[in-house]
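Enquirer: Sharing final-v7.txt here; it has compact mmCIF, C-alpha atoms.
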```
# COMPACT_ATOMS: atom_id res chain seq x y z
CA MET S 103 -16.75 -36.21 23.81
CA ALA S 104 -19.23 -33.77 22.32
CA GLY S 105 -19.31 -31.81 25.58
CA GLY S 106 -15.53 -31.62 25.60
CA LEU S 107 -15.50 -30.41 22.02
CA VAL S 108 -18.11 -27.74 22.81
CA ALA S 109 -16.06 -26.61 25.82
CA LEU S 110 -12.94 -26.46 23.68
CA LEU S 111 -14.76 -24.41 21.05
CA ASP S 112 -16.02 -22.08 23.79
CA ASP S 113 -12.46 -21.62 25.02
CA VAL S 114 -11.24 -20.91 21.47
CA ALA S 115 -14.05 -18.39 20.98
CA ALA S 116 -13.17 -16.68 24.26
CA ILE S 117 -9.50 -16.51 23.28
CA ALA S 118 -10.46 -15.10 19.87
CA LYS S 119 -12.62 -12.42 21.50
CA LEU S 120 -9.77 -11.54 23.86
CA ALA S 121 -7.33 -11.33 20.96
CA ALA S 122 -9.76 -9.17 18.99
CA ALA S 123 -10.21 -6.87 21.98
CA SER S 124 -6.44 -6.62 22.38
CA LEU S 125 -6.07 -5.77 18.70
CA ASP S 126 -8.76 -3.12 19.07
CA ASP S 127 -6.91 -1.69 22.07
CA VAL S 128 -3.63 -1.64 20.14
CA ALA S 129 -5.24 -0.07 17.07
CA GLY S 130 -7.01 2.55 19.17
CA ALA S 131 -3.84 3.35 21.10
CA ALA S 132 -1.88 3.63 17.86
CA GLY S 133 -4.45 6.05 16.48
CA ARG S 134 -4.41 8.22 19.61
CA ALA S 135 -0.63 8.20 19.77
CA GLY S 136 -0.31 9.12 16.09
CA THR S 137 -2.78 11.97 16.51
CA LYS S 138 -0.90 13.40 19.48
CA ALA S 139 2.33 13.37 17.44
CA ALA S 140 0.71 15.11 14.45
CA GLY S 141 2.38 18.45 15.15
CA VAL S 142 5.87 16.99 14.97
CA VAL S 143 4.88 14.98 11.88
CA ILE S 144 4.00 18.22 10.08
CA ASP S 145 7.37 19.66 11.08
CA ASP S 146 9.14 16.56 9.78
CA THR S 147 7.30 16.86 6.46
CA ALA S 148 8.23 20.52 6.12
CA VAL S 149 11.90 20.00 7.01
CA THR S 150 12.76 17.12 4.66
CA PRO S 151 12.29 18.61 1.14
CA ARG S 152 15.18 21.04 1.65
CA TYR S 153 17.61 18.10 1.69
CA VAL S 154 16.90 17.30 -1.98
CA THR S 155 16.65 20.89 -3.22
CA GLY S 156 19.35 21.61 -5.80
CA LEU S 157 20.26 17.98 -6.40
CA SER S 158 19.78 16.04 -9.64
CA PRO S 159 16.04 15.44 -10.28
CA ASP S 160 16.61 11.78 -11.15
CA ARG S 161 18.11 11.27 -7.67
CA GLU S 162 15.31 12.91 -5.71
CA LEU S 163 13.18 9.79 -5.13
CA PRO S 164 16.19 7.53 -4.37
CA ILE S 165 17.42 10.10 -1.85
CA ILE S 166 14.00 10.32 -0.20
CA ALA S 167 13.91 6.51 -0.08
CA LYS S 168 17.31 6.48 1.65
CA ILE S 169 16.12 9.05 4.18
CA ALA S 170 12.91 7.04 4.77
CA VAL S 171 14.93 3.87 5.40
CA GLY S 172 17.16 5.81 7.79
CA SER S 173 14.07 7.16 9.53
CA LEU S 174 12.63 3.66 9.99
CA ARG S 175 15.98 2.48 11.30
CA ASN S 176 15.98 5.38 13.77
CA LYS S 177 12.51 4.57 15.02
CA LEU S 178 12.49 0.77 15.08
CA LEU S 179 16.08 -0.22 15.84
CA PHE S 180 17.19 2.59 18.15
CA LEU S 181 14.38 4.72 19.51
CA LEU S 182 11.76 2.04 20.12
CA PRO S 183 14.00 -0.19 22.30
CA ALA S 184 15.45 2.89 24.00
CA ALA S 185 11.98 4.27 24.75
CA LEU S 186 10.81 0.96 26.23
CA ALA S 187 14.00 0.56 28.28
CA LEU S 188 13.83 4.12 29.62
CA SER S 189 10.13 3.74 30.41
CA ALA S 190 10.82 0.55 32.35
CA TRP S 191 14.05 1.40 34.17
CA LEU S 192 14.96 5.09 33.84
CA PRO S 193 11.73 7.06 33.36
CA TRP S 194 13.33 10.14 34.95
CA ALA S 195 15.88 10.33 32.09
CA ILE S 196 13.30 10.73 29.31
CA THR S 197 12.65 14.44 29.88
CA PRO S 198 16.34 15.55 30.03
CA LEU S 199 17.12 13.57 26.88
CA LEU S 200 14.18 15.13 25.05
CA MET S 201 15.36 18.57 26.16
CA ILE S 202 18.81 17.91 24.70
CA GLY S 203 17.13 17.03 21.42
CA GLY S 204 14.98 20.15 21.65
CA ALA S 205 18.07 22.31 22.21
CA TYR S 206 19.64 20.78 19.09
CA LEU S 207 16.57 21.68 17.03
CA CYS S 208 16.68 25.24 18.40
CA PHE S 209 20.37 25.50 17.49
CA GLU S 210 19.94 24.21 13.94
CA GLY S 211 16.91 26.39 13.23
CA THR S 212 18.39 29.55 14.75
CA GLU S 213 21.66 29.06 12.89
CA LYS S 214 19.73 29.02 9.61
CA VAL S 215 17.89 32.21 10.55
CA ILE S 216 21.19 33.94 11.35
CA GLU S 217 22.69 32.71 8.09
CA ALA S 218 19.71 34.04 6.14
CA ILE S 219 19.98 37.46 7.82
CA THR S 220 23.77 37.87 7.68
CA GLY S 221 24.55 35.90 4.53
CA VAL S 222 27.37 34.18 6.40
CA HIS S 223 27.18 30.39 6.15
CA HIS S 224 29.02 28.31 8.71
CA ALA S 225 28.68 25.08 6.72
CA GLU S 226 31.16 26.13 4.03
CA GLU S 227 32.16 22.54 3.40
CA VAL S 228 28.92 21.98 1.47
CA VAL S 229 30.14 24.30 -1.29
CA GLU S 230 33.46 22.53 -1.54
CA ILE S 231 31.90 19.11 -2.22
CA THR S 232 31.96 18.50 -5.98
CA ASP S 233 31.45 14.74 -6.02
CA PRO S 234 27.68 14.12 -6.47
CA LYS S 235 27.86 10.88 -4.48
CA ALA S 236 29.61 12.59 -1.56
CA LEU S 237 27.12 15.46 -1.63
CA GLU S 238 24.21 13.02 -1.72
CA ASP S 239 25.64 11.06 1.22
CA ARG S 240 26.07 14.27 3.17
CA GLN S 241 22.49 15.39 2.50
CA VAL S 242 21.08 12.00 3.46
CA GLY S 243 23.20 11.93 6.62
CA GLY S 244 22.05 15.41 7.63
CA ALA S 245 18.41 14.54 6.98
CA VAL S 246 18.62 11.32 9.00
CA ARG S 247 20.29 13.13 11.92
CA THR S 248 17.55 15.76 11.98
CA ASP S 249 14.93 13.02 11.59
CA PHE S 250 16.39 11.26 14.64
CA ILE S 251 15.52 14.22 16.87
CA LEU S 252 12.03 14.60 15.41
CA SER S 253 11.47 10.83 15.55
CA ALA S 254 12.55 10.76 19.19
CA GLU S 255 9.93 13.38 19.99
CA ILE S 256 7.29 11.46 18.02
CA MET S 257 8.07 8.23 19.84
CA ALA S 258 8.15 9.97 23.23
CA ILE S 259 4.78 11.62 22.59
CA ALA S 260 3.36 8.29 21.46
CA LEU S 261 4.76 6.48 24.50
CA ALA S 262 3.13 9.02 26.80
CA GLN S 263 -0.29 7.99 25.42
CA LEU S 264 0.16 4.34 26.47
CA PRO S 265 -0.06 4.26 30.27
CA GLY S 266 -0.88 0.91 31.77
CA MET S 267 -0.19 -1.11 28.63
CA SER S 268 2.16 -4.07 28.71
CA ILE S 269 5.65 -3.78 27.26
CA LEU S 270 4.64 -5.97 24.31
CA SER S 271 1.58 -3.83 23.56
CA GLN S 272 3.63 -0.66 23.86
CA ALA S 273 6.20 -2.08 21.45
CA ILE S 274 3.52 -3.01 18.91
CA VAL S 275 1.85 0.41 19.11
CA LEU S 276 5.14 2.29 18.82
CA ALA S 277 6.16 0.16 15.84
CA LEU S 278 2.80 0.78 14.13
CA VAL S 279 3.02 4.52 14.79
CA GLY S 280 6.63 4.66 13.58
CA ILE S 281 5.92 2.81 10.34
CA ALA S 282 2.70 4.69 9.59
CA ILE S 283 4.22 8.10 10.23
CA THR S 284 7.35 7.33 8.20
CA VAL S 285 5.36 6.09 5.21
CA GLY S 286 3.00 9.07 5.44
CA VAL S 287 5.69 11.72 5.85
CA TYR S 288 8.02 10.52 3.11
CA GLY S 289 5.16 9.68 0.78
CA VAL S 290 4.00 13.30 1.03
CA VAL S 291 7.59 14.54 0.64
CA ALA S 292 8.01 12.44 -2.53
CA LEU S 293 4.82 13.95 -3.97
CA ILE S 294 5.99 17.46 -3.13
CA VAL S 295 9.43 17.18 -4.74
CA LYS S 296 8.04 15.52 -7.88
CA MET S 297 5.23 18.00 -8.43
CA ASP S 298 7.29 19.81 -11.05
CA ASP S 299 7.63 16.59 -13.08
CA VAL S 300 3.88 16.08 -12.83
CA GLY S 301 3.42 19.66 -13.99
CA LEU S 302 5.69 19.14 -17.00
CA HIS S 303 3.74 16.03 -17.93
CA LEU S 304 0.41 17.86 -17.70
CA ALA S 305 1.78 20.82 -19.65
CA GLN S 306 2.31 18.51 -22.63
CA ARG S 307 -1.31 17.32 -22.77
CA LYS S 308 -3.73 18.54 -25.43
CA ALA S 309 -6.45 19.98 -23.22
CA HIS S 310 -5.88 23.69 -22.64
CA ALA S 311 -7.06 23.59 -19.01
CA VAL S 312 -4.76 20.65 -18.23
CA ARG S 313 -1.80 22.42 -19.86
CA ALA S 314 -2.52 25.56 -17.85
CA ALA S 315 -2.69 23.53 -14.63
CA GLY S 316 0.63 21.88 -15.49
CA ARG S 317 2.34 25.21 -16.14
CA GLY S 318 0.92 26.50 -12.88
CA LEU S 319 2.40 23.57 -10.98
CA VAL S 320 5.82 24.11 -12.54
CA ALA S 321 5.74 27.83 -11.74
CA ALA S 322 4.56 27.19 -8.17
CA MET S 323 7.23 24.65 -7.25
CA PRO S 324 10.14 27.05 -6.55
CA VAL S 325 7.84 29.17 -4.38
CA LEU S 326 6.54 26.09 -2.56
CA LEU S 327 10.01 24.72 -1.89
CA ARG S 328 11.22 28.07 -0.55
CA ALA S 329 8.13 28.29 1.64
CA LEU S 330 8.67 24.76 2.93
CA ALA S 331 12.30 25.56 3.72
CA GLY S 332 11.12 28.53 5.77
CA ILE S 333 8.39 26.49 7.45
CA GLY S 334 10.90 23.75 8.25
CA THR S 335 13.29 26.22 9.88
CA ALA S 336 10.50 27.84 11.88
CA ALA S 337 9.23 24.39 12.87
CA MET S 338 12.61 23.39 14.29
CA ILE S 339 12.69 26.49 16.48
CA TRP S 340 9.04 26.22 17.54
CA VAL S 341 9.11 22.49 18.30
CA GLY S 342 12.50 22.71 20.01
CA GLY S 343 11.33 25.60 22.17
CA GLY S 344 8.13 23.74 22.99
CA ILE S 345 10.11 20.69 24.09
CA LEU S 346 12.25 22.86 26.37
CA VAL S 347 9.25 24.66 27.88
CA HIS S 348 7.44 21.39 28.57
CA GLY S 349 10.61 19.79 29.92
CA LEU S 350 11.20 22.65 32.34
CA GLU S 351 7.61 22.31 33.54
CA VAL S 352 8.06 18.58 34.13
CA LEU S 353 11.27 19.26 36.07
CA GLY S 354 9.50 21.74 38.33
CA TRP S 355 10.27 25.05 36.59
CA GLY S 356 6.87 25.74 35.14
CA ALA S 357 6.88 29.56 35.15
CA ILE S 358 7.32 29.89 31.37
CA ALA S 359 4.74 27.20 30.62
CA HIS S 360 2.23 28.77 33.01
CA TRP S 361 2.82 32.24 31.54
CA LEU S 362 2.32 30.94 27.98
CA HIS S 363 -0.83 29.08 29.06
CA GLY S 364 -2.20 32.24 30.68
CA ALA S 365 -1.35 34.36 27.63
CA ALA S 366 -3.01 31.83 25.33
CA LYS S 367 -6.17 31.81 27.49
CA ALA S 368 -6.27 35.62 27.54
CA VAL S 369 -5.95 35.79 23.74
CA GLU S 370 -8.62 33.12 23.33
CA HIS S 371 -11.07 35.20 25.38
CA VAL S 372 -10.24 38.43 23.54
CA VAL S 373 -10.55 37.03 20.01
CA PRO S 374 -14.27 36.51 19.26
CA ILE S 375 -13.81 34.23 16.24
CA GLY S 376 -11.11 31.60 16.00
CA GLY S 377 -10.08 32.01 19.61
CA ALA S 378 -8.70 28.49 19.87
CA ILE S 379 -6.51 29.05 16.81
CA ALA S 380 -5.28 32.37 18.22
CA ALA S 381 -4.46 30.66 21.50
CA TRP S 382 -2.49 27.98 19.69
CA VAL S 383 -0.58 30.63 17.69
CA THR S 384 0.23 32.47 20.92
CA THR S 385 1.67 29.33 22.49
CA ALA S 386 3.62 28.52 19.33
CA LEU S 387 5.08 32.04 19.16
CA GLY S 388 6.06 31.89 22.81
CA SER S 389 7.76 28.55 22.27
CA ALA S 390 9.54 29.95 19.21
CA ILE S 391 10.87 32.90 21.25
CA VAL S 392 12.26 30.48 23.82
CA GLY S 393 13.75 28.44 20.97
CA LEU S 394 15.40 31.51 19.44
CA ILE S 395 16.92 32.54 22.77
CA VAL S 396 18.31 29.08 23.47
CA GLY S 397 19.38 28.52 19.86
CA GLY S 398 21.06 31.93 19.72
CA ALA S 399 23.01 31.18 22.89
CA ILE S 400 24.24 27.87 21.47
CA VAL S 401 25.17 29.47 18.12
CA ALA S 402 27.13 32.17 19.95
CA LEU S 403 28.90 29.56 22.04
CA LEU S 404 29.86 27.40 19.07
CA HIS S 405 30.60 30.03 16.41
CA LEU S 406 31.16 33.47 17.85
CA VAL S 407 33.31 32.70 20.88
CA PRO S 408 35.98 30.67 18.97
CA ARG S 409 36.39 33.52 16.43
CA LYS S 410 37.71 35.84 19.15
CA HIS S 411 40.87 33.75 19.53
```
Spell out the structure here as structure tokens.

Expert:
Amino acid sequence: MAGGLVALLDDVAAIAKLAAASLDDVAGAAGRAGTKAAGVVIDDTAVTPRYVTGLSPDRELPIIAKIAVGSLRNKLLFLLPAALALSAWLPWAITPLLMIGGAYLCFEGTEKVIEAITGVHHAEEVVEITDPKALEDRQVGGAVRTDFILSAEIMAIALAQLPGMSILSQAIVLALVGIAITVGVYGVVALIVKMDDVGLHLAQRKAHAVRAAGRGLVAAMPVLLRALAGIGTAAMIWVGGGILVHGLEVLGWGAIAHWLHGAAKAVEHVVPIGGAIAAWVTTALGSAIVGLIVGGAIVALLHLVPRKH
């Protein structure tokens, strides 16, 4: 009886160790996957604040909450099952689908650059919306659509870091990555868009230094939001171009990727200090050029060609 109990306890201990090891594997994989997706996470953070710019301040946090819920829905209900299904049955389709998403990012970013240069806005319907609820719904919808593309890239990058794991483990890791990234991104976005309120609160305190800091925050917010809007636009073009370059390499057309890699290596050797950063900037600029070319072609196809008729 005692021997049986000891054997049972040994089995339980072994199972517990196996479970702990599995949890360690999942946690480690989630960390690696999240780190690999960090670049797209930064882009997502930069893009989102522009969707609440110009709206009522008391609706900023509710709007961000709606976008965050939509982002979680994108990741957990649509992209996670799709990623697992594609990985299991149609792995060859992942790259073309990512390239379609990358082309969309290039289009949206390039269109905004053209609008900024020419002053001609193609989305005239935004101006015509006077109902705050309708405008809010439109902004949330646009943010969630853009998030879908960025989330797809995040999930794809994360999935690529999980070779050899079971479907269940992959699902757990992707869910952890999706939740953690969503909470992190939209938590940071909420802090960014409410910095002016924090500044106003500090500006009303008695301490002179605190008041000065509060006024500085208030004054800095318009500049920060404009900078983030620019960063978000550049990020769409850069990330979209990078997706296309990598996709072409995977499909066997690696000339652009190889040229960018060679250029980055050459710059890294030439620059004595910060060579790795210079190499990264070179690759990013090359990807952005590709994104501008592709985005410009799509903009011309959708906007310029129809105007000739």

Enquirer: Do you have the atom CA of S:Ala170-atom CA of S:Val246 distance handy?

Expert: 8.3 Å

Enquirer: Atom CA of S:Ser189 and atom CA of S:Ala390 are how many Å apart?

Expert: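 About the pair atom CA of S:Ser189 and atom CA of S:Ala390: they are 28.5 Å apart.
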
Enquirer: To one decimal place in Å, what is the distance between atom CA of S:Val392 and atom CA of S:Pro193?

Expert: 25.3 Å

Enquirer: Per residue of stretch 309-339 of chain S within 10 Å of stretch 282-304 of chain S, note the shortest atom pair and the distance in Å to one decimal, counting only C-alpha atoms, and order the rows by chain and increasing residue number, as a Markdown table.

Expert:
```
| residue | atom | partner | partner_atom | distance |
| --- | --- | --- | --- | --- |
| S:Ala309 | CA | S:Leu304 | CA | 9.1 |
| S:His310 | CA | S:Leu304 | CA | 9.9 |
| S:Ala311 | CA | S:Leu304 | CA | 9.5 |
| S:Val312 | CA | S:Leu304 | CA | 5.9 |
| S:Arg313 | CA | S:Leu304 | CA | 5.5 |
| S:Ala314 | CA | S:Leu304 | CA | 8.2 |
| S:Ala315 | CA | S:Leu304 | CA | 7.2 |
| S:Gly316 | CA | S:Gly301 | CA | 3.9 |
| S:Arg317 | CA | S:Gly301 | CA | 6.0 |
| S:Gly318 | CA | S:Gly301 | CA | 7.4 |
| S:Leu319 | CA | S:Gly301 | CA | 5.0 |
| S:Val320 | CA | S:Asp298 | CA | 4.8 |
| S:Ala321 | CA | S:Asp298 | CA | 8.2 |
| S:Ala322 | CA | S:Asp298 | CA | 8.4 |
| S:Met323 | CA | S:Asp298 | CA | 6.2 |
| S:Pro324 | CA | S:Asp298 | CA | 9.0 |
| S:Leu326 | CA | S:Ile294 | CA | 8.7 |
| S:Leu327 | CA | S:Val295 | CA | 8.1 |
| S:Leu330 | CA | S:Ile294 | CA | 9.9 |
```

Enquirer: Can those selected residues be exported to a file as a short mmCIF file (atom, residue, chain, number, x, y, z; two decimals), in the frame of the given file so that it contains C-alpha atoms?

Expert:
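What follows is the written file selection13.cif:
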```cif
data_model
loop_
_atom_site.label_atom_id
_atom_site.label_comp_id
_atom_site.auth_asym_id
_atom_site.auth_seq_id
_atom_site.Cartn_x
_atom_site.Cartn_y
_atom_site.Cartn_z
CA ALA S 309 -6.45 19.98 -23.22
CA HIS S 310 -5.88 23.69 -22.64
CA ALA S 311 -7.06 23.59 -19.01
CA VAL S 312 -4.76 20.65 -18.23
CA ARG S 313 -1.80 22.42 -19.86
CA ALA S 314 -2.52 25.56 -17.85
CA ALA S 315 -2.69 23.53 -14.63
CA GLY S 316 0.63 21.88 -15.49
CA ARG S 317 2.34 25.21 -16.14
CA GLY S 318 0.92 26.50 -12.88
CA LEU S 319 2.40 23.57 -10.98
CA VAL S 320 5.82 24.11 -12.54
CA ALA S 321 5.74 27.83 -11.74
CA ALA S 322 4.56 27.19 -8.17
CA MET S 323 7.23 24.65 -7.25
CA PRO S 324 10.14 27.05 -6.55
CA LEU S 326 6.54 26.09 -2.56
CA LEU S 327 10.01 24.72 -1.89
CA LEU S 330 8.67 24.76 2.93
#
```

Enquirer: May I have the residues within 8 Å of S:Ile251 as number ranges by chain, using all atoms listed in the file and disregarding those fewer than 5 positions away in the same chain?

Expert: S: 203-204, 207

Enquirer: Taking all atoms listed in the file into account, which of S:Gly344, S:Ala258, S:Leu199, S:Ala245 comes nearest S:Pro183?

Expert: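 Residue with the minimum atom-to-atom distance to S:Pro183: S:Ala258.
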
Enquirer: Counting all atoms listed in the file, which of S:Ile169, S:Ala187, S:Ile333, S:Leu179 gets nearest to S:Arg247?

Expert: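 Once distances to S:Arg247 are computed over all atoms listed in the file, the minimum belongs to S:Ile169.
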
Enquirer: Find the residues around S:Ile281 up to 9 Å (all atoms listed in the file counted), leave out those fewer than 5 positions away in its own chain, and share them as a list in words.

Expert: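 The residues that qualify are Leu174, Lys177, Leu178, Leu276 and Gly286 of chain S.
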
Enquirer: Pick the closest to S:Val171 from S:Val347, S:Ala402, S:Val242, S:Ala277: which is it, counting all atoms listed in the file?

Expert: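 Residue with the minimum atom-to-atom distance to S:Val171: S:Val242.
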